[in-house]
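This report concerns only the one structure given below.
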Amino acid sequence: MTGYTMLRNGGVGNGGQTCMLRWSNRIRLTWLSFTLFVILVFFPLIAHYYLTTLDEADEAGKRIFGPRAGNELCEVKHVLDLCRIRESVSEELLQLEAKRQELNSEIAKLNLKIEACKKSIENAKQDLLQLKNVISQTEHSYKELMAQNQPKLSLPIRLLPEKDDIGLPPPKVLRSCRLHNCFDYSRCPLTSGFPVYVYDSDQFAFGSYLDPLVKQAFQATARANVYVTENADIACLYVILVGEMQELGVLRPADLEKQLYSLPHWRTDGHNHVIISLSRKSDTQNLLYNVSTGRAMVAQSTFYAAQYRPGFDLVVSPLVHAMSEPNFMEIPPQVPVKRKYLFTFQGEKIESLRSSLQEARSFEEEMEGDPPADYDDRIIATLKAVQDSKLDQVLVEFTCKNQPKPSLPTEWALCGEREDRLELLKLSTFALIITPGDPRLVISSGCATRLFEALEVGAVPVVLGEHVQLPYRDVLQWSEAALVVPKPRVTEVHFLLRSLSDSDLLAMRRQGRFLWETYFSTADSIFSTVLAVIRTRIQIPAAPIREEAAAEIPHRSGKAAGTDPNMADNGDLDLGPVETEPPYASPRYLRNFTLTVTDFYRSWNSAPGPFHLFPHTPFDPVLPSEAKFLGSGTGFRPIGGGAGGSGKEFQASLGGNVPREQFTVVMLTYEREEVLMNSLERLNGLPYLNKVVVVWNSPKLPSEDLLWPDIGVPIMVVRTEKNSLNNRFLPWNEIETEAILSIDDDAHLRHDEIMFGFRVWREARDRIVGFPGRYHAWDIPHQSWLYNSNYSCELSMVLTGAAFFHKYYAYLYSYVMPQAIRDMVDEYINCEDIAMNFLVSHITRKPPIKVTSRWTFRCPGCPQALSHDDSHFHERHKCINFFVKVYGYMPLLYTQFRVDSVLFKTRLPHDKTKCFKFI
């Protein structure tokens with residue numbers, strides 16, 4: 001019981017007390033936490049509500065915790081000082097802000113003044129530079145005048161002949177007529193322009209007997225000639241056509257003489273008259289042999305020695321193509337050099353003089369005594385021996401298979417028809433021409449016909465008989481195109497022909513083709529050559545070249561052109577001053593009126609060939625080395641070299657005798673206005689730029705609201721008659737400089753590159769100097785030529801999309817180059833640049849010059865050009881092969897030469913390390 005009670009009390013009592021304590025502790029903590037929560041949460045809320053209620057009282061002055069105004073706050077005594085400080089600081093800040101704004105305004109005004117000063121300094125520098133340029137140019141002009149030691153004179157007063165011409169003192173013998181005693185120079189002053197009056201043959205009785213084709217062809221070419229005038233009173237020369245007659249013997253010599261003396265301007269003796277007799281047949285008689293022509297010149301293809309007056313009369317070629325142009329596609333190519341036969345001859349002699357071989361005298365005995373009258377039998381024997389020896393394949397026939405053509409006595413008659421003779425000559429390397437056996441017959445129409453046909457198909461003429469008078473012999477050096485061998489040397493002819501090298505043979509064939517094409521091929525060429533020979537003899541300058549009249553398209557300019565930094569960033573290079581004067585045209589006619597014997601002699605010795613016969617350009621571009629191909633050279637001035645022609649001195653003297661020389665940009669475009677405007681803007685600030693001629697090739701005129709850039713030089717927009725790439729090379733009269741920079745409207749060239757190209761061209765004025773190079777290649781599988789634009793160690797063309805050339809080549813391209821080539825360009829709308837390269841290489845026999853190492857020049861983002869078409873290259877292949885057929889050979893020449901400035905640096909690709917660069 002005690003134990004239980006103790007256990008119960010002790011155990012239960014102690015344990016219960018402990019549990020109660022724990023429970024009471026827990027209760028106190030819970031109430032304490034709750035109390036704190038109520039105090040911390042609800043008491044602030046109640047206080048906030050109470051205070052808010054107090055602030056909402058009606059009397060504002062009783063608010064205790066609400067916001068108070070600043071002046072109310074200042075009423076508090078201990079913050080009055082702070083308020084006064086704040087007001088003072090605010091006032092000072094306002095004053096400082098006003099001063100700051102005032103200073104900023106003054107700073108802005110000063111900045112404007114600084115910019116104005118900088119501009120005035122730049123303008124002053126430009127004015128100073130301009131004054132320096134003007135002073136420098138004036139000094140060079142003064143030095144040039146002092147070097148010339150002569151004043152610049154105006155043209156003399158033109159002399160007009162009197163209507164009542166008293167005539168010249170008659171020579172003792174009309175057979176001795178020469179220019180000094182039978183020609184009236186007073187009718188042909190230097191400034192006359194060489195006016196020529198052509199009689200209408202139909203107004204005279206002999207006109208009804210003329211061959212209709214000859215008469216019609218002569219009248220057509222006379223109407224188109226630049227020298228022909230209808231005013232007979234001011235004429236320097238009078239021309240009358242008297243042959244060829246339809247039938248032989250229809251007009252007696254006495255009747256013809258009477259009609260000649262009745263010409264309105266004959267003036268008793270016919271001085272300053274030219275009587276022309278053109279032959280179409282090999283049997284044309286010497287119509288004027290028994291006719292007294294007085295002091296009139298005679299131009300025909302048949303002359304007797306007693307009739308011919310050297311230096312006065314003219315031997316002309318026969319008129320084979322009377323009313324038709326020669327078909328260049330039927331003319332055989334000039335290569336290969338060697339043909340099937342070494343030489344050929346076909347002919348038959350109807351009537352012969354006494355043969356020297358019939359006298360039983362040896363050849364050596366004949367040479368010791370008097371020369372025999374006829375060597376024809378010796379020639380026959382020698383040529384047959386060469387044919388029988390079979391050392392070379394030759395063809396000689398001295399008897400015609402059919403009836404021979406009628407001929408003059410002692411003359412070798414032609415065999416067969418013209419087509420048959422041409423087919424044989426196409427197979428002949430040389431064509432023998434045996435002159436008449438009678439030495440009194442200095443030239444015959446049959447002999448002239450053989451010469452004409454040989455030159456036409458590229459057979460080099462071999463003339464046996466040095467006494468013969470070849471056409472225009474006094475002005476053409478026939479040794480460049482033919483071999484003239486005396487008849488006694490007939491045994492040496494075979495040796496001479498075998499000793500000619502292929503290069504010499506090709507040069508003679510090419511020169512012969514040029515002579516035929518330029519002087520013999522058509523009625524126009526014959527008539528123009530006759531006038532040119534007479535004009536050259538009396539030393540009258542040729543008429544200026546024809547220029548294309550430019551029809552300007554009105555346009556508005558004034559848009560400020562900004563220079564592309566990529567175009568104008570030239571580093572330390574001094575490209576020269578931008579022209580500040582009006583555009584300076586290239587000088588003209590500096591030596592045209594001062595032709596001397598020295599000039600004539602130099603031209604013959606430096607470049608044998610036709611001289612002073614081609615219509616002369618007022619720009620004096622023809623080089624003596626080109627005379628053999630161009631037939632010109634009148635008044636040439638070597639202006640491409642000399643001291644100060646390159647490098648540092650270029651800026652001072654501009655490379656020769658022409659100061660301040662400039663160039664003209666010719667840009668062809670077609671409906672790409674944005675591209676065109678960008679290209680024109682890139683020309684802003686380009687030194688030595690004279691003018692920009694934009695050839696507007698589209699029938700659609702430019703937009704009316706298009707604003708053209710102001711680049712400091714005139715921009716001439718030229719309207720064309722049709723869309724043709726040939727318009728790029730028309731010699732526009734607006735081009736007043738010798739140098740032309742032909743450039744595409746999407747070409748991208750820096751100013752330093754353009755200037756370097758111009759400097760190079762000045763030292764090679766007869767070449768095309770440009771940037772994109774191309775070359776031609778022979779396709780062995782197809783046996784044809786190919787156009788290649790891949791990178792190569794050599795080139796043969798420089799594309800005219802970015803190239804310099806002389807304006808004279810524009811004239812040759814437009815008016816002299818065969819029309820078939822220009823028609824091909826129009827057909828394909830392609831290849832005009834190839835045609836220009838063919839022309840220049842054909843004339844100069846020199847390759848073009850490439851400058852700098854760039855190969856692509858198109859602007860990024862420009863619209864697609866014609867060259868991107870898939871058919872572009874196929875058409876250019878066809879063009880090259882067609883041009884080769886027209887020229888008869890491949891005139892393009894390869895070169896590995898490229899001109900770079902020593903300041904340029906070029907990195908060659910690894911696969912091009914074998915290429916050589918010449919600096």
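Note on naming: chains are A, B, ... as they come in the structure tokens, residues start from 1 per chain, ligands start from 1 in the order shown.
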Leaving out segment 197-206 of chain A and any residue of its chain fewer than 5 positions from it, which residues lie within 6 Å of it when counting only C-alpha atoms, given as a VMD selection string? chain A and resid 228 to 229 232 235 238 to 240
Using only C-alpha atoms, find each residue of segment 196-285 of chain A with at least one atom at most 8 Å away from an atom of segment 525-536 of chain A; report its shortest atom-to-atom pair and that distance in Å (one decimal), sort the rows by chain and rising residue number, and return the result as CSV.
residue,atom,partner,partner_atom,distance
A:Phe218,CA,A:Phe527,CA,7.7
A:Thr221,CA,A:Phe527,CA,7.3
A:Ala222,CA,A:Phe527,CA,7.7
A:Asn225,CA,A:Ser528,CA,7.5
Find the residues near segment 455-460 of chain A: any atom within 8 Å, counting only C-alpha atoms, skip ones fewer than 4 places away on the same chain, and give them as a PyMOL selection string. chain A and resi 331-334+422+425-426+428-431+451+481-483+505+508-510+512-513+515-517
Residues just named, written with N, CA and C atoms as a short mmCIF file (atom, residue, chain, number, x, y, z; two decimals), in the first residue's frame:
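Final file, again_30.cif:
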data_model
loop_
_atom_site.label_atom_id
_atom_site.label_comp_id
_atom_site.auth_asym_id
_atom_site.auth_seq_id
_atom_site.Cartn_x
_atom_site.Cartn_y
_atom_site.Cartn_z
N ILE A 331 37.84 37.29 -152.23
CA ILE A 331 39.28 37.48 -152.36
C ILE A 331 40.00 36.45 -151.52
N PRO A 332 40.97 35.74 -152.08
CA PRO A 332 41.64 34.67 -151.31
C PRO A 332 42.45 35.24 -150.16
N PRO A 333 42.66 34.47 -149.11
CA PRO A 333 43.47 34.95 -147.97
C PRO A 333 44.93 35.12 -148.38
N GLN A 334 45.63 35.91 -147.61
CA GLN A 334 47.04 36.17 -147.92
C GLN A 334 47.96 35.09 -147.38
N LEU A 422 41.50 34.80 -162.84
CA LEU A 422 41.58 34.99 -161.40
C LEU A 422 41.76 33.67 -160.66
N LEU A 425 45.38 32.81 -160.88
CA LEU A 425 46.20 33.69 -160.05
C LEU A 425 46.04 33.39 -158.56
N LYS A 426 44.89 32.88 -158.16
CA LYS A 426 44.70 32.50 -156.76
C LYS A 426 45.63 31.36 -156.35
N SER A 428 48.73 31.16 -157.58
CA SER A 428 50.06 31.62 -157.96
C SER A 428 50.66 32.48 -156.86
N THR A 429 51.92 32.17 -156.52
CA THR A 429 52.64 33.03 -155.59
C THR A 429 53.06 34.32 -156.27
N PHE A 430 53.56 34.21 -157.49
CA PHE A 430 53.94 35.38 -158.28
C PHE A 430 53.18 35.35 -159.60
N ALA A 431 52.94 36.52 -160.15
CA ALA A 431 52.28 36.66 -161.45
C ALA A 431 53.21 37.43 -162.37
N LEU A 451 48.24 43.70 -164.05
CA LEU A 451 48.67 44.20 -162.74
C LEU A 451 47.50 44.30 -161.78
N ALA A 481 55.59 46.51 -153.34
CA ALA A 481 54.50 45.60 -153.66
C ALA A 481 54.77 44.75 -154.89
N ALA A 482 55.78 45.06 -155.67
CA ALA A 482 56.03 44.33 -156.91
C ALA A 482 57.53 44.29 -157.18
N LEU A 483 57.91 43.35 -158.03
CA LEU A 483 59.29 43.24 -158.50
C LEU A 483 59.32 43.74 -159.94
N LEU A 505 57.80 38.30 -148.56
CA LEU A 505 56.74 37.99 -149.52
C LEU A 505 55.38 38.38 -148.96
N MET A 508 54.99 42.17 -149.07
CA MET A 508 54.68 42.65 -150.42
C MET A 508 53.24 42.34 -150.80
N ARG A 509 52.77 41.19 -150.44
CA ARG A 509 51.37 40.84 -150.76
C ARG A 509 50.41 41.74 -150.00
N ARG A 510 50.72 42.02 -148.75
CA ARG A 510 49.85 42.89 -147.96
C ARG A 510 49.87 44.31 -148.51
N GLY A 512 50.52 45.15 -151.61
CA GLY A 512 49.81 45.11 -152.88
C GLY A 512 48.30 45.12 -152.69
N ARG A 513 47.84 44.40 -151.68
CA ARG A 513 46.40 44.41 -151.38
C ARG A 513 45.96 45.82 -150.98
N LEU A 515 47.36 48.71 -151.91
CA LEU A 515 47.36 49.57 -153.10
C LEU A 515 46.13 49.32 -153.94
N TRP A 516 45.80 48.05 -154.14
CA TRP A 516 44.63 47.74 -154.97
C TRP A 516 43.35 48.25 -154.31
N GLU A 517 43.21 48.00 -153.02
CA GLU A 517 41.97 48.36 -152.33
C GLU A 517 41.80 49.88 -152.23
#
Between A:Trp31, A:Leu94, A:Leu179, A:Gln477, which residue has the minimum interatomic distance to Gln539 of chain A, considering only C-alpha atoms?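 Nearest to Gln539 of chain A: A:Leu179.
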Report, in Å with one decimal, the straight-line distance from atom CA of Met667 of chain A to atom CA of Val717 of chain A.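 Between these atoms lies a distance of 9.6 Å.
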Expressed in Å, the length from atom CA of Glu466 of chain A to atom CA of Trp478 of chain A is 11.6 Å
Residues near Val316 of chain A, anyone? I mean within 6 Å using only C-alpha atoms, not counting same-chain ones fewer than 2 positions away, as a ChimeraX atom specification. /A:300-301,471
What does the file look like for those residues with all heavy atoms, as a PDB file, in the first residue's frame?
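New file again_9.pdb:
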ATOM      1  N   GLN A 300      45.180  58.334-168.392  1.00  0.00           N
ATOM      2  CA  GLN A 300      44.657  57.141-169.035  1.00  0.00           C
ATOM      3  C   GLN A 300      45.602  55.988-168.754  1.00  0.00           C
ATOM      4  O   GLN A 300      46.656  56.154-168.137  1.00  0.00           O
ATOM      5  CB  GLN A 300      44.483  57.363-170.536  1.00  0.00           C
ATOM      6  CG  GLN A 300      45.752  57.714-171.279  1.00  0.00           C
ATOM      7  CD  GLN A 300      45.512  57.989-172.756  1.00  0.00           C
ATOM      8  OE1 GLN A 300      44.377  58.196-173.179  1.00  0.00           O
ATOM      9  NE2 GLN A 300      46.571  57.993-173.556  1.00  0.00           N
ATOM     10  N   SER A 301      45.231  54.792-169.222  1.00  0.00           N
ATOM     11  CA  SER A 301      46.021  53.594-168.927  1.00  0.00           C
ATOM     12  C   SER A 301      46.847  53.124-170.106  1.00  0.00           C
ATOM     13  O   SER A 301      47.496  52.069-170.016  1.00  0.00           O
ATOM     14  CB  SER A 301      45.096  52.458-168.478  1.00  0.00           C
ATOM     15  OG  SER A 301      44.107  52.211-169.460  1.00  0.00           O
ATOM     16  N   PRO A 471      51.084  52.639-162.724  1.00  0.00           N
ATOM     17  CA  PRO A 471      50.166  53.704-162.282  1.00  0.00           C
ATOM     18  C   PRO A 471      50.710  54.479-161.090  1.00  0.00           C
ATOM     19  O   PRO A 471      51.214  53.900-160.125  1.00  0.00           O
ATOM     20  CB  PRO A 471      48.888  52.931-161.917  1.00  0.00           C
ATOM     21  CG  PRO A 471      48.942  51.696-162.764  1.00  0.00           C
ATOM     22  CD  PRO A 471      50.398  51.341-162.846  1.00  0.00           C
TER      23      PRO A 471
END
Quick one: DSSP strand (DSSP E) residues in segment 704-801 of chain A, as a ChimeraX atom specification? /A:707-710,715-719,739-744,769-770,773-779,784-788,797-798
Would you export the selected residues with N, CA, C and O atoms as a compact mmCIF listing (two decimals), in the first residue's frame, please?
# COMPACT_ATOMS: atom_id res chain seq x y z
N LEU A 707 18.70 64.72 -113.51
CA LEU A 707 19.64 65.79 -113.19
C LEU A 707 21.06 65.26 -113.36
O LEU A 707 21.48 64.36 -112.64
N TRP A 708 21.77 65.82 -114.33
CA TRP A 708 23.11 65.34 -114.66
C TRP A 708 24.12 65.97 -113.71
O TRP A 708 23.96 67.12 -113.29
N PRO A 709 25.18 65.25 -113.38
CA PRO A 709 26.16 65.79 -112.42
C PRO A 709 27.00 66.89 -113.04
O PRO A 709 27.25 66.92 -114.25
N ASP A 710 27.43 67.80 -112.21
CA ASP A 710 28.35 68.87 -112.60
C ASP A 710 29.75 68.43 -112.22
O ASP A 710 30.11 68.45 -111.05
N ILE A 715 29.55 68.21 -120.48
CA ILE A 715 29.04 66.88 -120.81
C ILE A 715 28.12 67.04 -122.01
O ILE A 715 27.08 67.69 -121.92
N MET A 716 28.53 66.46 -123.14
CA MET A 716 27.75 66.55 -124.37
C MET A 716 27.03 65.22 -124.59
O MET A 716 27.67 64.17 -124.69
N VAL A 717 25.70 65.26 -124.62
CA VAL A 717 24.89 64.08 -124.86
C VAL A 717 24.48 64.08 -126.33
O VAL A 717 23.78 64.98 -126.79
N VAL A 718 24.94 63.07 -127.07
CA VAL A 718 24.77 63.02 -128.51
C VAL A 718 23.71 62.00 -128.86
O VAL A 718 23.74 60.86 -128.39
N ARG A 719 22.77 62.41 -129.68
CA ARG A 719 21.72 61.51 -130.16
C ARG A 719 22.20 60.80 -131.42
O ARG A 719 22.81 61.39 -132.30
N ALA A 739 43.39 62.72 -128.34
CA ALA A 739 43.24 61.54 -127.49
C ALA A 739 41.78 61.31 -127.15
O ALA A 739 41.07 62.24 -126.76
N ILE A 740 41.35 60.07 -127.31
CA ILE A 740 40.00 59.65 -126.94
C ILE A 740 40.12 58.52 -125.92
O ILE A 740 40.85 57.55 -126.16
N LEU A 741 39.43 58.66 -124.81
CA LEU A 741 39.30 57.57 -123.85
C LEU A 741 37.92 56.97 -124.04
O LEU A 741 36.91 57.53 -123.64
N SER A 742 37.89 55.83 -124.70
CA SER A 742 36.63 55.11 -124.89
C SER A 742 36.40 54.25 -123.65
O SER A 742 37.25 53.43 -123.28
N ILE A 743 35.25 54.45 -123.02
CA ILE A 743 35.01 53.77 -121.75
C ILE A 743 33.54 53.37 -121.67
O ILE A 743 32.65 54.11 -122.13
N ASP A 744 33.28 52.19 -121.16
CA ASP A 744 31.91 51.74 -120.96
C ASP A 744 31.27 52.49 -119.81
O ASP A 744 31.96 52.98 -118.90
N VAL A 769 45.98 51.93 -126.26
CA VAL A 769 46.53 51.79 -124.91
C VAL A 769 45.35 51.67 -123.97
O VAL A 769 44.53 52.58 -123.85
N GLY A 770 45.23 50.53 -123.32
CA GLY A 770 44.08 50.33 -122.45
C GLY A 770 44.34 49.32 -121.36
O GLY A 770 45.48 48.94 -121.08
N GLY A 773 42.91 43.24 -121.29
CA GLY A 773 43.61 42.55 -122.37
C GLY A 773 42.94 41.23 -122.73
O GLY A 773 42.42 40.51 -121.88
N ARG A 774 42.95 40.92 -124.01
CA ARG A 774 42.42 39.65 -124.54
C ARG A 774 43.38 39.14 -125.61
O ARG A 774 44.30 39.84 -126.02
N TYR A 775 43.15 37.93 -126.08
CA TYR A 775 44.00 37.39 -127.14
C TYR A 775 43.21 36.42 -128.00
O TYR A 775 42.11 35.96 -127.63
N HIS A 776 43.74 36.14 -129.17
CA HIS A 776 43.13 35.20 -130.10
C HIS A 776 43.97 33.92 -130.12
O HIS A 776 45.17 33.95 -129.83
N ALA A 777 43.35 32.84 -130.48
CA ALA A 777 44.04 31.54 -130.49
C ALA A 777 43.52 30.72 -131.66
O ALA A 777 42.37 30.88 -132.11
N TRP A 778 44.37 29.83 -132.13
CA TRP A 778 44.03 28.98 -133.26
C TRP A 778 43.47 27.65 -132.75
O TRP A 778 44.09 26.97 -131.93
N ASP A 779 42.27 27.33 -133.20
CA ASP A 779 41.60 26.09 -132.82
C ASP A 779 41.98 25.01 -133.83
O ASP A 779 41.47 24.99 -134.96
N SER A 784 40.07 27.04 -137.08
CA SER A 784 39.50 28.38 -137.07
C SER A 784 40.08 29.14 -135.88
O SER A 784 40.73 28.57 -135.00
N TRP A 785 39.80 30.45 -135.86
CA TRP A 785 40.29 31.31 -134.80
C TRP A 785 39.28 31.40 -133.67
O TRP A 785 38.08 31.34 -133.91
N LEU A 786 39.79 31.55 -132.46
CA LEU A 786 38.95 31.66 -131.28
C LEU A 786 39.29 32.94 -130.52
O LEU A 786 40.43 33.41 -130.54
N TYR A 787 38.29 33.48 -129.88
CA TYR A 787 38.45 34.63 -128.98
C TYR A 787 38.60 34.11 -127.56
O TYR A 787 37.79 33.29 -127.11
N ASN A 788 39.63 34.57 -126.85
CA ASN A 788 39.90 34.04 -125.52
C ASN A 788 40.05 35.20 -124.54
O ASN A 788 40.76 36.17 -124.80
N MET A 797 44.88 41.88 -128.04
CA MET A 797 43.83 42.88 -128.12
C MET A 797 43.71 43.59 -126.78
O MET A 797 43.95 42.98 -125.74
N VAL A 798 43.34 44.85 -126.84
CA VAL A 798 42.96 45.62 -125.67
C VAL A 798 41.56 46.14 -125.94
O VAL A 798 41.34 46.88 -126.91
At what distance in Å, to one decimal, does atom CA of Arg728 of chain A lie from atom CA of Asn830 of chain A?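 Computing it gives 11.8 Å between the two atoms.
Nearest residue to Leu706 of chain A among A:Asp474, A:Asp283, A:Glu674, A:Asp826 is A:Glu674, counting only C-alpha atoms.
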